[in-house]
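Visitor: One file: query27.cif (mmCIF, C-alpha atoms).
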data_target
loop_
_atom_site.label_atom_id
_atom_site.label_comp_id
_atom_site.auth_asym_id
_atom_site.auth_seq_id
_atom_site.Cartn_x
_atom_site.Cartn_y
_atom_site.Cartn_z
CA MET A 1 80.25 -0.50 27.20
CA ILE A 2 81.97 2.02 29.35
CA LEU A 3 79.53 4.62 28.29
CA LEU A 4 76.58 2.39 29.19
CA LYS A 5 78.09 1.52 32.51
CA GLY A 6 78.50 5.18 33.25
CA LEU A 7 74.90 5.77 32.38
CA PHE A 8 73.73 3.04 34.73
CA ALA A 9 75.86 4.40 37.48
CA LYS A 10 74.33 7.80 37.00
CA LEU A 11 70.85 6.33 36.94
CA LYS A 12 71.50 4.46 40.14
CA ALA A 13 72.58 7.62 41.77
CA GLU A 14 69.42 9.39 40.64
CA LEU A 15 67.13 6.44 41.25
CA ALA A 16 64.73 8.32 43.45
CA PHE A 17 64.32 11.01 40.84
CA VAL A 18 63.86 8.46 38.05
CA VAL A 19 61.15 6.67 40.01
CA LEU A 20 59.50 9.97 40.76
CA LEU A 21 59.65 10.83 37.08
CA ALA A 22 58.06 7.51 36.11
CA VAL A 23 55.33 7.84 38.72
CA ALA A 24 54.70 11.42 37.71
CA SER A 25 54.38 10.58 34.01
CA ALA A 26 52.09 7.65 34.81
CA GLY A 27 50.04 9.98 36.96
CA ALA A 28 49.90 12.58 34.22
CA TYR A 29 48.88 9.93 31.73
CA PHE A 30 46.04 8.67 33.92
CA TYR A 31 45.01 12.19 34.74
CA VAL A 32 44.65 13.01 31.07
CA ARG A 33 42.74 9.80 30.41
CA ALA A 34 40.45 10.44 33.37
CA GLU A 35 39.81 13.98 32.18
CA ARG A 36 38.93 12.69 28.75
CA ALA A 37 36.70 9.96 30.21
CA ILE A 38 34.87 12.52 32.31
CA ALA A 39 34.38 14.78 29.32
CA ASP A 40 33.12 11.86 27.24
CA ARG A 41 30.76 10.79 30.00
CA ASP A 42 29.36 14.30 30.32
CA ALA A 43 28.85 14.52 26.57
CA VAL A 44 27.12 11.15 26.45
CA LEU A 45 24.94 12.07 29.42
CA HIS A 46 23.99 15.32 27.78
CA ARG A 47 23.21 13.54 24.53
CA ALA A 48 21.11 10.97 26.38
CA GLU A 49 19.17 13.75 28.10
CA LEU A 50 18.54 15.42 24.75
CA ILE A 51 17.37 12.15 23.20
CA CYS A 52 15.05 11.44 26.10
CA LYS A 53 13.67 14.98 26.01
CA SER A 54 12.87 14.65 22.32
CA ALA A 55 11.09 11.39 23.07
CA GLY A 56 9.03 13.21 25.71
CA SER A 57 10.70 11.63 28.70
CA ASP A 58 13.51 12.31 31.19
CA PHE A 59 16.80 10.47 31.29
CA LEU A 60 17.10 10.88 35.03
CA SER A 61 14.87 8.44 36.79
CA LYS A 62 12.00 9.92 38.76
CA ARG A 63 11.14 6.69 40.50
CA PRO A 64 13.16 5.37 43.42
CA ARG A 65 15.30 2.28 42.87
CA VAL A 66 15.01 2.56 39.11
CA ALA A 67 18.19 3.28 37.20
CA ASP A 68 18.51 6.39 35.08
CA GLY A 69 17.43 5.85 31.49
CA VAL A 70 15.22 2.83 32.11
CA ASP A 71 11.92 4.71 31.82
CA CYS A 72 13.29 6.68 28.91
CA GLY A 73 14.34 3.48 27.17
CA THR A 74 10.88 2.02 27.68
CA ARG A 75 9.39 5.15 26.26
CA VAL A 76 11.61 5.05 23.17
CA GLN A 77 10.76 1.39 22.67
CA GLN A 78 7.05 2.18 22.90
CA LEU A 79 7.46 4.93 20.34
CA ALA A 80 9.26 2.61 17.95
CA GLU A 81 6.57 -0.03 18.37
CA TRP A 82 3.86 2.56 17.88
CA LYS A 83 5.49 3.79 14.70
CA GLY A 84 5.67 0.28 13.28
CA GLU A 85 2.06 -0.35 14.20
CA ALA A 86 0.95 2.94 12.68
CA GLU A 87 2.75 2.18 9.46
CA ARG A 88 1.24 -1.27 9.30
CA GLN A 89 -2.26 0.08 9.87
CA THR A 90 -1.76 2.85 7.34
CA ALA A 91 -0.68 0.37 4.70
CA GLN A 92 -3.70 -1.78 5.54
CA LEU A 93 -6.06 1.20 5.28
CA MET A 94 -4.56 2.27 1.98
CA ALA A 95 -4.87 -1.22 0.54
CA GLN A 96 -8.44 -1.44 1.79
CA ALA A 97 -9.31 1.95 0.28
CA LEU A 98 -7.77 0.97 -3.04
CA ALA A 99 -9.67 -2.31 -3.10
CA ASP A 100 -12.89 -0.51 -2.15
CA ASN A 101 -12.42 1.99 -4.91
CA ALA A 102 -11.71 -0.73 -7.45
CA ALA A 103 -14.86 -2.57 -6.40
CA ARG A 104 -16.88 0.63 -6.66
CA GLN A 105 -15.54 1.37 -10.11
CA ALA A 106 -16.28 -2.14 -11.29
CA ARG A 107 -19.81 -1.96 -9.91
CA ASP A 108 -20.41 1.40 -11.54
CA ASN A 109 -19.00 0.25 -14.86
CA ASP A 110 -21.49 -2.58 -14.70
CA ALA A 111 -24.39 -0.26 -13.89
CA ALA A 112 -23.35 2.21 -16.59
CA ARG A 113 -23.22 -0.54 -19.19
CA ARG A 114 -26.65 -1.85 -18.18
CA ALA A 115 -28.14 1.67 -18.26
CA ALA A 116 -26.61 2.43 -21.65
CA GLU A 117 -27.93 -0.80 -23.13
CA ALA A 118 -31.42 -0.17 -21.75
CA ALA A 119 -31.39 3.42 -23.02
CA GLN A 120 -30.32 2.31 -26.46
CA SER A 121 -33.01 -0.32 -26.83
CA ALA A 122 -35.61 2.14 -25.51
CA ALA A 123 -34.47 4.77 -28.01
CA LEU A 124 -34.78 2.29 -30.86
CA ALA A 125 -38.30 1.34 -29.83
CA MET A 126 -39.17 5.02 -29.44
CA GLU A 127 -37.96 5.77 -32.96
CA LYS A 128 -40.11 3.01 -34.35
CA ALA A 129 -43.22 4.04 -32.39
CA ASP A 130 -42.77 7.67 -33.33
CA ALA A 131 -42.43 6.83 -37.02
CA GLU A 132 -45.67 4.90 -36.73
CA ALA A 133 -47.37 7.82 -34.97
CA GLU A 134 -46.11 10.15 -37.66
CA ARG A 135 -47.49 7.89 -40.34
CA ARG A 136 -50.93 7.52 -38.77
CA ASN A 137 -50.95 11.01 -37.29
CA LEU A 138 -52.15 9.35 -34.10
CA VAL A 139 -50.42 8.42 -30.86
CA ASP A 140 -51.60 5.23 -29.28
CA ARG A 141 -50.72 2.88 -26.47
CA GLU A 142 -47.47 1.81 -28.18
CA TRP A 143 -46.21 5.37 -28.39
CA PHE A 144 -47.07 6.16 -24.78
CA ALA A 145 -45.41 2.93 -23.68
CA ALA A 146 -42.30 3.82 -25.67
CA VAL A 147 -42.16 7.26 -24.04
CA ASN A 148 -42.50 5.68 -20.61
CA HIS A 149 -39.77 3.22 -21.45
CA VAL A 150 -37.39 5.97 -22.61
CA ALA A 151 -38.04 7.89 -19.39
CA GLY A 152 -37.72 4.74 -17.30
CA LEU A 153 -41.25 5.17 -15.96
CA ARG A 154 -44.24 2.95 -15.52
CA ALA A 155 -47.79 3.70 -16.48
CA PRO A 156 -50.13 4.67 -13.65
CA HIS A 157 -52.37 1.85 -12.51
CA MET B 1 -10.45 5.36 11.14
CA PRO B 2 -11.18 5.05 7.43
CA VAL B 3 -11.67 8.36 5.72
CA THR B 4 -15.08 8.50 4.15
CA ILE B 5 -17.01 11.22 2.41
CA THR B 6 -20.61 11.21 3.53
CA PRO B 7 -22.86 13.56 1.61
CA PRO B 8 -26.02 14.79 3.30
CA ALA B 9 -28.80 12.22 3.23
CA ASP B 10 -31.02 14.26 0.94
CA LEU B 11 -28.33 14.12 -1.72
CA LEU B 12 -28.40 10.34 -1.54
CA ARG B 13 -32.06 9.91 -2.37
CA CYS B 14 -32.56 7.72 -5.39
CA ALA B 15 -34.14 9.24 -8.48
CA ASP B 16 -37.82 10.08 -8.18
CA ARG B 17 -39.67 8.05 -10.78
CA PRO B 18 -43.36 8.93 -10.72
CA ALA B 19 -45.99 7.14 -12.77
CA GLY B 20 -45.58 7.95 -16.43
CA LEU B 21 -48.08 8.40 -19.23
CA PRO B 22 -51.17 6.24 -19.18
CA GLU B 23 -50.91 3.14 -21.36
CA ASP B 24 -54.56 2.67 -22.12
CA PRO B 25 -55.54 1.02 -25.43
CA ALA B 26 -58.58 3.30 -25.48
CA LEU B 27 -56.46 6.40 -25.16
CA VAL B 28 -55.63 7.67 -28.62
CA ALA B 29 -54.60 11.22 -29.33
CA GLN B 30 -53.39 13.51 -32.03
CA ILE B 31 -50.19 15.26 -31.02
CA PRO B 32 -48.35 17.54 -33.42
CA THR B 33 -44.94 16.32 -34.48
CA ARG B 34 -43.09 19.09 -32.70
CA ALA B 35 -44.93 18.43 -29.45
CA ARG B 36 -44.22 14.73 -29.77
CA ALA B 37 -40.55 15.46 -30.33
CA GLY B 38 -40.56 17.66 -27.22
CA ILE B 39 -42.18 14.96 -25.12
CA ILE B 40 -39.60 12.47 -26.35
CA ARG B 41 -36.76 14.87 -25.52
CA LEU B 42 -38.12 15.37 -22.02
CA ALA B 43 -38.57 11.66 -21.49
CA ARG B 44 -35.08 10.89 -22.74
CA ALA B 45 -33.48 13.54 -20.54
CA PHE B 46 -35.53 12.41 -17.56
CA GLY B 47 -34.43 8.83 -18.05
CA ALA B 48 -30.77 9.74 -18.50
CA ASN B 49 -30.74 12.03 -15.46
CA ALA B 50 -32.53 9.52 -13.27
CA ASP B 51 -30.15 6.75 -14.31
CA GLN B 52 -27.17 8.95 -13.63
CA LEU B 53 -28.47 9.96 -10.20
CA ASP B 54 -29.11 6.33 -9.32
CA ARG B 55 -25.61 5.43 -10.42
CA LEU B 56 -24.16 8.19 -8.30
CA VAL B 57 -26.15 7.14 -5.24
CA GLU B 58 -25.21 3.53 -5.81
CA PHE B 59 -21.58 4.53 -6.14
CA ILE B 60 -21.64 6.09 -2.70
CA SER B 61 -23.95 3.69 -0.92
CA PRO B 62 -24.07 0.41 -2.86
CA GLY B 63 -27.43 -1.29 -3.10
CA ALA B 64 -29.40 1.81 -2.14
CA CYS B 65 -31.40 2.10 -5.37
CA HIS B 66 -31.30 -1.38 -6.86
CA PRO B 67 -31.16 -3.70 -3.87
CA LYS B 68 -31.34 -6.86 -5.95
CA PRO B 69 -28.49 -6.63 -8.48
CA SER B 70 -26.08 -5.08 -5.99
CA ALA B 71 -26.80 -7.57 -3.22
CA ALA B 72 -24.80 -10.26 -5.00
CA LEU B 73 -21.75 -8.01 -5.22
CA PRO B 74 -19.39 -7.80 -2.24
CA LYS B 75 -20.33 -5.07 0.15
CA ASP B 76 -17.48 -3.08 1.67
#
Once more with this new file: its structure as structure tokens, please.
Guide:
Amino acid sequence: MILLKGLFAKLKAELAFVVLLAVASAGAYFYVRAERAIADRDAVLHRAELICKSAGSDFLSKRPRVADGVDCGTRVQQLAEWKGEAERQTAQLMAQALADNAARQARDNDAARRAAEAAQSAALAMEKADAEAERRNLVDREWFAAVNHVAGLRAPH
Amino acid sequence: MPVTITPPADLLRCADRPAGLPEDPALVAQIPTRARAGIIRLARAFGANADQLDRLVEFISPGACHPKPSAALPKD
């Protein structure tokens, strides 16, 4: 108790210095915080300028009465929208191309099957007609017709 | 802008199919076996090549060579 009382008495005597000390430490504290805030602000500003530059725009506003970063923000938003749109259209094109190709393949498979069937029946008929020609040692209308059929041709009128 | 391959127009002509041999009942001939076999080979190759060319042309521009059968199919 006596010790504490002595301390208070001493403090009272040095009150001006104690207050000065408190004010000075508060000042130092705020100074440090302000310094850090300024440094942070500069870093953020620099980063924002870099981001805007890479988006092809400027962070600092070029138009009067328009805040810094507004035009840049619009630009970035446009880019993001454009990217989404491009991706959507690409996907659509790819799907369309795939469907087109599938349709083409199906159509060609159909045509190939028809052609193969026709060629096979023509070859059979040709074999028969040629055997007949061999037997009679004569080619006649049937044989010529079979040749035309194999070649996919029609007789002249 | 869809990416398309467009060959020159002369590559997309359908197969040339001229008139073939005459089919006249009065026309009767003696052709040696080997010559007959050659004619048949030519005819077969001609038919196969013409069919293949038509298929190729149809693959690239549907309905170009056989307007009727392809018309029913969906056009892209």
Visitor: What does the distance between atom CA of Ala103 of chain A and atom CA of Arg17 of chain B come to in Å, to one decimal place?
Guide: 27.3 Å
Visitor: Which residues of chain A are close to chain B, meaning at most 10 Å apart when you count all atoms listed in the file, and how do they look as JSON, numbers by chain?
Guide: {"A": [89, 90, 93, 94, 96, 97, 99, 100, 101, 103, 104, 105, 106, 107, 108, 109, 110, 111, 112, 115, 116, 119, 122, 123, 126, 127, 130, 133, 134, 136, 137, 138, 139, 140, 141, 142, 143, 144, 145, 146, 147, 148, 149, 150, 151, 152, 153, 154, 155, 156, 157]}
Visitor: Could you tell me how far atom CA of Arg65 of chain A lies from atom CA of Gln78 of chain A, in Å and to one decimal?
Guide: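 Calculated distance between atom CA of Arg65 of chain A and atom CA of Gln78 of chain A is 21.6 Å.
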Visitor: So the first atom is atom CA of Tyr31 of chain A and the second is atom CA of Phe17 of chain A; what is the distance between them in Å, to one decimal place?
Guide: 20.3 Å
Visitor: Contacts of segment 69-76 of chain A at 12 Å or less, counting all atoms listed in the file, minus same-chain residues fewer than 2 places along, as a PDB file with C-alpha atoms, in the coordinates of the input?
Guide:
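File out.pdb, as written:
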ATOM      1  CA  LEU A  45      24.940  12.070  29.420  1.00  0.00           C
ATOM      2  CA  ARG A  47      23.210  13.540  24.530  1.00  0.00           C
ATOM      3  CA  ALA A  48      21.110  10.970  26.380  1.00  0.00           C
ATOM      4  CA  GLU A  49      19.170  13.750  28.100  1.00  0.00           C
ATOM      5  CA  LEU A  50      18.540  15.420  24.750  1.00  0.00           C
ATOM      6  CA  ILE A  51      17.370  12.150  23.200  1.00  0.00           C
ATOM      7  CA  CYS A  52      15.050  11.440  26.100  1.00  0.00           C
ATOM      8  CA  LYS A  53      13.670  14.980  26.010  1.00  0.00           C
ATOM      9  CA  SER A  54      12.870  14.650  22.320  1.00  0.00           C
ATOM     10  CA  ALA A  55      11.090  11.390  23.070  1.00  0.00           C
ATOM     11  CA  GLY A  56       9.030  13.210  25.710  1.00  0.00           C
ATOM     12  CA  SER A  57      10.700  11.630  28.700  1.00  0.00           C
ATOM     13  CA  ASP A  58      13.510  12.310  31.190  1.00  0.00           C
ATOM     14  CA  PHE A  59      16.800  10.470  31.290  1.00  0.00           C
ATOM     15  CA  LEU A  60      17.100  10.880  35.030  1.00  0.00           C
ATOM     16  CA  SER A  61      14.870   8.440  36.790  1.00  0.00           C
ATOM     17  CA  LYS A  62      12.000   9.920  38.760  1.00  0.00           C
ATOM     18  CA  ARG A  63      11.140   6.690  40.500  1.00  0.00           C
ATOM     19  CA  PRO A  64      13.160   5.370  43.420  1.00  0.00           C
ATOM     20  CA  ARG A  65      15.300   2.280  42.870  1.00  0.00           C
ATOM     21  CA  VAL A  66      15.010   2.560  39.110  1.00  0.00           C
ATOM     22  CA  ALA A  67      18.190   3.280  37.200  1.00  0.00           C
ATOM     23  CA  GLN A  78       7.050   2.180  22.900  1.00  0.00           C
ATOM     24  CA  LEU A  79       7.460   4.930  20.340  1.00  0.00           C
ATOM     25  CA  ALA A  80       9.260   2.610  17.950  1.00  0.00           C
ATOM     26  CA  GLU A  81       6.570  -0.030  18.370  1.00  0.00           C
ATOM     27  CA  TRP A  82       3.860   2.560  17.880  1.00  0.00           C
ATOM     28  CA  LYS A  83       5.490   3.790  14.700  1.00  0.00           C
TER      29      LYS A  83
END
